[in-house]
Amino acid sequence: MFDQTVRRRFTKFVYCILAASLCSVSVQARADDTTDRVTQAATVFQDLDNAQSGIPHNLLNQAACVIILPRVKKAGFIVGGQYGRGLMSCRSGDSFTGKWHTPIMIQSHGGSVGLQIGGQETDFVVLVMNDGGARAVIKGNAKLGADATVAAGPVGRDAEASTTGTLDAQMLSYSRTKGAFAGVSLAGTSLGPDAGANESLYGKKISGSEIFSENPPTPPSAQVLLATLTKTSPTRIKK
């Protein structure tokens, strides 16, 4: 009887140790995934900043925020139901005119960008052109085309927003697949803070609004992105 009791207690102890180990591995894996996503986002922005056919600098100078969703995977031929994870960096201050802010981790879902080849990975970049669009995403789950207007952005370092729809849009969206960069509409896509990723990045539960208002220290993985944004567009020129 004594041996059975000891055996049960020992077995329970082993299970507890295994459970704690698995939990620790899971938390570390999530943290590594978040850090990797921040690094990927920086690489995407650097590539497009350096490309002649990339992000228009004059439009970036007008933007309140930049959203980057690297390596969004698509299943089938239509991207409806896509799910992406990335980040958003905004200019600081109530009027979004200060220095670039430490990032808010973002997730996207829904929407459709038309006929695509299944299995590809696509990078998405969204320029948030006004304060209302920025606040809609920070607050959470903004549906593009409903809570914020969106249009396919013009391509090219010196490109201008020329059509009425583009001029009036709160967001300008782009995609890059296999090196090809183009404006693409993300109407129907919902964007909002990724609570789990923000917890992993900042080491505590923190909302998108709290990140923006409290401005926690910039994680090491985000320093390259903020440095590139600052170099490319140090000051916002509001329309």
# chains A, B, ... in the order shown; residues from 1 in each chain; ligands from 1
>>> residues_around(residues="region 123-137 of chain A", least_positions_apart="6", cutoff="7 Å", atoms="only C-alpha atoms", output="PDB file with C-alpha atoms, in the first residue's frame")
ATOM      1  CA  LEU A  60       5.186  57.503 -46.670  1.00  0.00           C
ATOM      2  CA  GLN A  62       2.204  61.683 -45.224  1.00  0.00           C
ATOM      3  CA  ALA A  63       1.432  58.399 -43.431  1.00  0.00           C
ATOM      4  CA  ALA A  64       0.538  58.189 -39.740  1.00  0.00           C
ATOM      5  CA  CYS A  65       1.450  54.484 -39.520  1.00  0.00           C
ATOM      6  CA  VAL A  66       2.916  51.624 -41.521  1.00  0.00           C
ATOM      7  CA  ILE A  67       1.525  48.089 -41.261  1.00  0.00           C
ATOM      8  CA  ILE A  68       3.689  45.178 -42.454  1.00  0.00           C
ATOM      9  CA  LEU A  69       2.381  41.610 -42.722  1.00  0.00           C
ATOM     10  CA  PRO A  70       5.273  39.400 -43.888  1.00  0.00           C
ATOM     11  CA  ARG A  71       4.865  35.984 -45.485  1.00  0.00           C
ATOM     12  CA  VAL A  72       1.085  35.723 -45.453  1.00  0.00           C
ATOM     13  CA  SER A  95      -1.674  63.921 -33.827  1.00  0.00           C
ATOM     14  CA  PHE A  96       0.725  61.172 -35.063  1.00  0.00           C
ATOM     15  CA  ALA A 148     -11.592  52.588 -42.689  1.00  0.00           C
ATOM     16  CA  GLN A 170      -7.512  56.303 -45.200  1.00  0.00           C
ATOM     17  CA  MET A 171      -5.207  53.423 -46.120  1.00  0.00           C
ATOM     18  CA  LEU A 172      -3.140  52.511 -49.184  1.00  0.00           C
ATOM     19  CA  SER A 173      -2.297  48.817 -49.508  1.00  0.00           C
ATOM     20  CA  TYR A 174       0.357  46.873 -51.401  1.00  0.00           C
ATOM     21  CA  SER A 175       1.446  43.284 -51.931  1.00  0.00           C
ATOM     22  CA  ARG A 176       4.721  41.625 -52.926  1.00  0.00           C
ATOM     23  CA  THR A 177       4.870  38.100 -54.289  1.00  0.00           C
ATOM     24  CA  LEU A 191      -6.883  44.372 -38.812  1.00  0.00           C
ATOM     25  CA  GLY A 192      -6.305  44.603 -35.072  1.00  0.00           C
TER      26      GLY A 192
END
>>> residues_around(residues="Ser233 (chain A)", least_positions_apart="4", cutoff="9 Å", atoms="only C-alpha atoms", output="compact mmCIF listing (two decimals) with N, CA and C atoms, in the first residue's frame")
# COMPACT_ATOMS: atom_id res chain seq x y z
N HIS A 57 7.94 57.52 -51.53
CA HIS A 57 8.42 58.24 -50.35
C HIS A 57 7.52 59.40 -49.97
N ASN A 58 6.94 60.08 -50.96
CA ASN A 58 6.08 61.22 -50.61
C ASN A 58 4.82 60.76 -49.87
N LEU A 60 4.70 57.92 -48.00
CA LEU A 60 5.19 57.50 -46.67
C LEU A 60 5.34 58.71 -45.76
N ASN A 61 5.78 59.83 -46.32
CA ASN A 61 5.95 61.05 -45.52
C ASN A 61 4.62 61.59 -45.00
N THR A 228 15.22 52.34 -39.76
CA THR A 228 14.98 52.49 -41.20
C THR A 228 13.84 53.46 -41.47
N LEU A 229 12.76 53.35 -40.70
CA LEU A 229 11.64 54.28 -40.84
C LEU A 229 12.09 55.72 -40.56
>>> atom_distance(atom1="CA of Leu225 (chain A)", atom2="CA of Ala151 (chain A)")
24.5 Å
>>> residues_around(residues="Lys143 (chain A)", least_positions_apart="3", cutoff="7 Å", atoms="only C-alpha atoms", output="PyMOL selection string")
chain A and resi 146-148+188-191
>>> decode(residues="region 201-237 of chain A", atoms="N, CA and C atoms", output="PDB file, in the first residue's frame")
ATOM      1  N   LEU A 201       6.165  39.945 -26.974  1.00  0.00           N
ATOM      2  CA  LEU A 201       7.168  40.961 -27.317  1.00  0.00           C
ATOM      3  C   LEU A 201       7.518  41.843 -26.124  1.00  0.00           C
ATOM      4  N   TYR A 202       6.510  42.177 -25.300  1.00  0.00           N
ATOM      5  CA  TYR A 202       6.737  43.126 -24.207  1.00  0.00           C
ATOM      6  C   TYR A 202       6.763  42.487 -22.822  1.00  0.00           C
ATOM      7  N   GLY A 203       6.560  41.179 -22.764  1.00  0.00           N
ATOM      8  CA  GLY A 203       6.703  40.470 -21.500  1.00  0.00           C
ATOM      9  C   GLY A 203       5.564  40.659 -20.526  1.00  0.00           C
ATOM     10  N   LYS A 204       4.435  41.176 -20.988  1.00  0.00           N
ATOM     11  CA  LYS A 204       3.267  41.343 -20.127  1.00  0.00           C
ATOM     12  C   LYS A 204       2.037  41.515 -21.009  1.00  0.00           C
ATOM     13  N   LYS A 205       0.870  41.309 -20.439  1.00  0.00           N
ATOM     14  CA  LYS A 205      -0.353  41.544 -21.174  1.00  0.00           C
ATOM     15  C   LYS A 205      -0.527  43.050 -21.358  1.00  0.00           C
ATOM     16  N   ILE A 206      -0.649  43.463 -22.618  1.00  0.00           N
ATOM     17  CA  ILE A 206      -0.731  44.884 -22.917  1.00  0.00           C
ATOM     18  C   ILE A 206      -1.507  45.079 -24.217  1.00  0.00           C
ATOM     19  N   SER A 207      -2.438  45.998 -24.207  1.00  0.00           N
ATOM     20  CA  SER A 207      -3.275  46.232 -25.382  1.00  0.00           C
ATOM     21  C   SER A 207      -2.567  47.147 -26.375  1.00  0.00           C
ATOM     22  N   GLY A 208      -3.113  47.224 -27.586  1.00  0.00           N
ATOM     23  CA  GLY A 208      -2.555  48.132 -28.577  1.00  0.00           C
ATOM     24  C   GLY A 208      -2.615  49.574 -28.110  1.00  0.00           C
ATOM     25  N   SER A 209      -3.720  49.956 -27.504  1.00  0.00           N
ATOM     26  CA  SER A 209      -3.875  51.324 -27.002  1.00  0.00           C
ATOM     27  C   SER A 209      -2.861  51.623 -25.907  1.00  0.00           C
ATOM     28  N   GLU A 210      -2.597  50.638 -25.039  1.00  0.00           N
ATOM     29  CA  GLU A 210      -1.629  50.836 -23.961  1.00  0.00           C
ATOM     30  C   GLU A 210      -0.210  50.952 -24.503  1.00  0.00           C
ATOM     31  N   ILE A 211       0.112  50.157 -25.521  1.00  0.00           N
ATOM     32  CA  ILE A 211       1.440  50.261 -26.133  1.00  0.00           C
ATOM     33  C   ILE A 211       1.632  51.659 -26.696  1.00  0.00           C
ATOM     34  N   PHE A 212       0.608  52.166 -27.382  1.00  0.00           N
ATOM     35  CA  PHE A 212       0.733  53.486 -28.003  1.00  0.00           C
ATOM     36  C   PHE A 212       0.806  54.595 -26.957  1.00  0.00           C
ATOM     37  N   SER A 213       0.026  54.497 -25.903  1.00  0.00           N
ATOM     38  CA  SER A 213       0.003  55.573 -24.905  1.00  0.00           C
ATOM     39  C   SER A 213       1.167  55.494 -23.930  1.00  0.00           C
ATOM     40  N   GLU A 214       1.577  54.270 -23.552  1.00  0.00           N
ATOM     41  CA  GLU A 214       2.638  54.112 -22.558  1.00  0.00           C
ATOM     42  C   GLU A 214       4.028  54.124 -23.184  1.00  0.00           C
ATOM     43  N   ASN A 215       4.123  53.780 -24.467  1.00  0.00           N
ATOM     44  CA  ASN A 215       5.402  53.742 -25.188  1.00  0.00           C
ATOM     45  C   ASN A 215       6.471  52.956 -24.427  1.00  0.00           C
ATOM     46  N   PRO A 216       6.300  51.636 -24.276  1.00  0.00           N
ATOM     47  CA  PRO A 216       7.306  50.820 -23.574  1.00  0.00           C
ATOM     48  C   PRO A 216       8.627  50.815 -24.345  1.00  0.00           C
ATOM     49  N   PRO A 217       9.721  50.421 -23.695  1.00  0.00           N
ATOM     50  CA  PRO A 217      11.016  50.390 -24.380  1.00  0.00           C
ATOM     51  C   PRO A 217      10.960  49.547 -25.652  1.00  0.00           C
ATOM     52  N   THR A 218      11.650  50.001 -26.680  1.00  0.00           N
ATOM     53  CA  THR A 218      11.658  49.291 -27.956  1.00  0.00           C
ATOM     54  C   THR A 218      12.421  47.973 -27.824  1.00  0.00           C
ATOM     55  N   PRO A 219      11.809  46.843 -28.161  1.00  0.00           N
ATOM     56  CA  PRO A 219      12.522  45.562 -28.111  1.00  0.00           C
ATOM     57  C   PRO A 219      13.703  45.578 -29.089  1.00  0.00           C
ATOM     58  N   PRO A 220      14.779  44.878 -28.781  1.00  0.00           N
ATOM     59  CA  PRO A 220      15.944  44.848 -29.679  1.00  0.00           C
ATOM     60  C   PRO A 220      15.597  44.440 -31.107  1.00  0.00           C
ATOM     61  N   SER A 221      14.650  43.513 -31.257  1.00  0.00           N
ATOM     62  CA  SER A 221      14.302  43.034 -32.595  1.00  0.00           C
ATOM     63  C   SER A 221      13.655  44.102 -33.463  1.00  0.00           C
ATOM     64  N   ALA A 222      13.122  45.174 -32.847  1.00  0.00           N
ATOM     65  CA  ALA A 222      12.422  46.218 -33.602  1.00  0.00           C
ATOM     66  C   ALA A 222      13.293  47.424 -33.901  1.00  0.00           C
ATOM     67  N   GLN A 223      14.515  47.440 -33.406  1.00  0.00           N
ATOM     68  CA  GLN A 223      15.351  48.628 -33.551  1.00  0.00           C
ATOM     69  C   GLN A 223      15.748  48.894 -35.004  1.00  0.00           C
ATOM     70  N   VAL A 224      15.987  47.848 -35.773  1.00  0.00           N
ATOM     71  CA  VAL A 224      16.355  48.034 -37.181  1.00  0.00           C
ATOM     72  C   VAL A 224      15.200  48.651 -37.957  1.00  0.00           C
ATOM     73  N   LEU A 225      13.992  48.164 -37.728  1.00  0.00           N
ATOM     74  CA  LEU A 225      12.825  48.705 -38.419  1.00  0.00           C
ATOM     75  C   LEU A 225      12.637  50.177 -38.091  1.00  0.00           C
ATOM     76  N   LEU A 226      12.687  50.541 -36.811  1.00  0.00           N
ATOM     77  CA  LEU A 226      12.480  51.935 -36.422  1.00  0.00           C
ATOM     78  C   LEU A 226      13.587  52.825 -36.968  1.00  0.00           C
ATOM     79  N   ALA A 227      14.804  52.319 -37.005  1.00  0.00           N
ATOM     80  CA  ALA A 227      15.915  53.100 -37.555  1.00  0.00           C
ATOM     81  C   ALA A 227      15.707  53.353 -39.050  1.00  0.00           C
ATOM     82  N   THR A 228      15.220  52.339 -39.763  1.00  0.00           N
ATOM     83  CA  THR A 228      14.983  52.493 -41.201  1.00  0.00           C
ATOM     84  C   THR A 228      13.844  53.461 -41.466  1.00  0.00           C
ATOM     85  N   LEU A 229      12.763  53.350 -40.695  1.00  0.00           N
ATOM     86  CA  LEU A 229      11.643  54.280 -40.839  1.00  0.00           C
ATOM     87  C   LEU A 229      12.090  55.715 -40.558  1.00  0.00           C
ATOM     88  N   THR A 230      12.884  55.884 -39.522  1.00  0.00           N
ATOM     89  CA  THR A 230      13.355  57.219 -39.153  1.00  0.00           C
ATOM     90  C   THR A 230      14.254  57.810 -40.223  1.00  0.00           C
ATOM     91  N   LYS A 231      15.111  56.992 -40.787  1.00  0.00           N
ATOM     92  CA  LYS A 231      16.012  57.458 -41.843  1.00  0.00           C
ATOM     93  C   LYS A 231      15.240  57.820 -43.108  1.00  0.00           C
ATOM     94  N   THR A 232      14.256  56.984 -43.465  1.00  0.00           N
ATOM     95  CA  THR A 232      13.522  57.193 -44.708  1.00  0.00           C
ATOM     96  C   THR A 232      12.519  58.332 -44.599  1.00  0.00           C
ATOM     97  N   SER A 233      11.837  58.425 -43.457  1.00  0.00           N
ATOM     98  CA  SER A 233      10.779  59.426 -43.295  1.00  0.00           C
ATOM     99  C   SER A 233      10.783  59.966 -41.872  1.00  0.00           C
ATOM    100  N   PRO A 234      11.711  60.857 -41.563  1.00  0.00           N
ATOM    101  CA  PRO A 234      11.831  61.349 -40.182  1.00  0.00           C
ATOM    102  C   PRO A 234      10.694  62.244 -39.718  1.00  0.00           C
ATOM    103  N   THR A 235      10.012  62.890 -40.653  1.00  0.00           N
ATOM    104  CA  THR A 235       8.978  63.855 -40.293  1.00  0.00           C
ATOM    105  C   THR A 235       7.714  63.618 -41.127  1.00  0.00           C
ATOM    106  N   ARG A 236       6.577  63.711 -40.474  1.00  0.00           N
ATOM    107  CA  ARG A 236       5.307  63.558 -41.190  1.00  0.00           C
ATOM    108  C   ARG A 236       4.858  64.893 -41.780  1.00  0.00           C
ATOM    109  N   ILE A 237       4.447  64.844 -43.046  1.00  0.00           N
ATOM    110  CA  ILE A 237       3.897  66.020 -43.712  1.00  0.00           C
ATOM    111  C   ILE A 237       2.406  65.769 -43.912  1.00  0.00           C
TER     112      ILE A 237
END
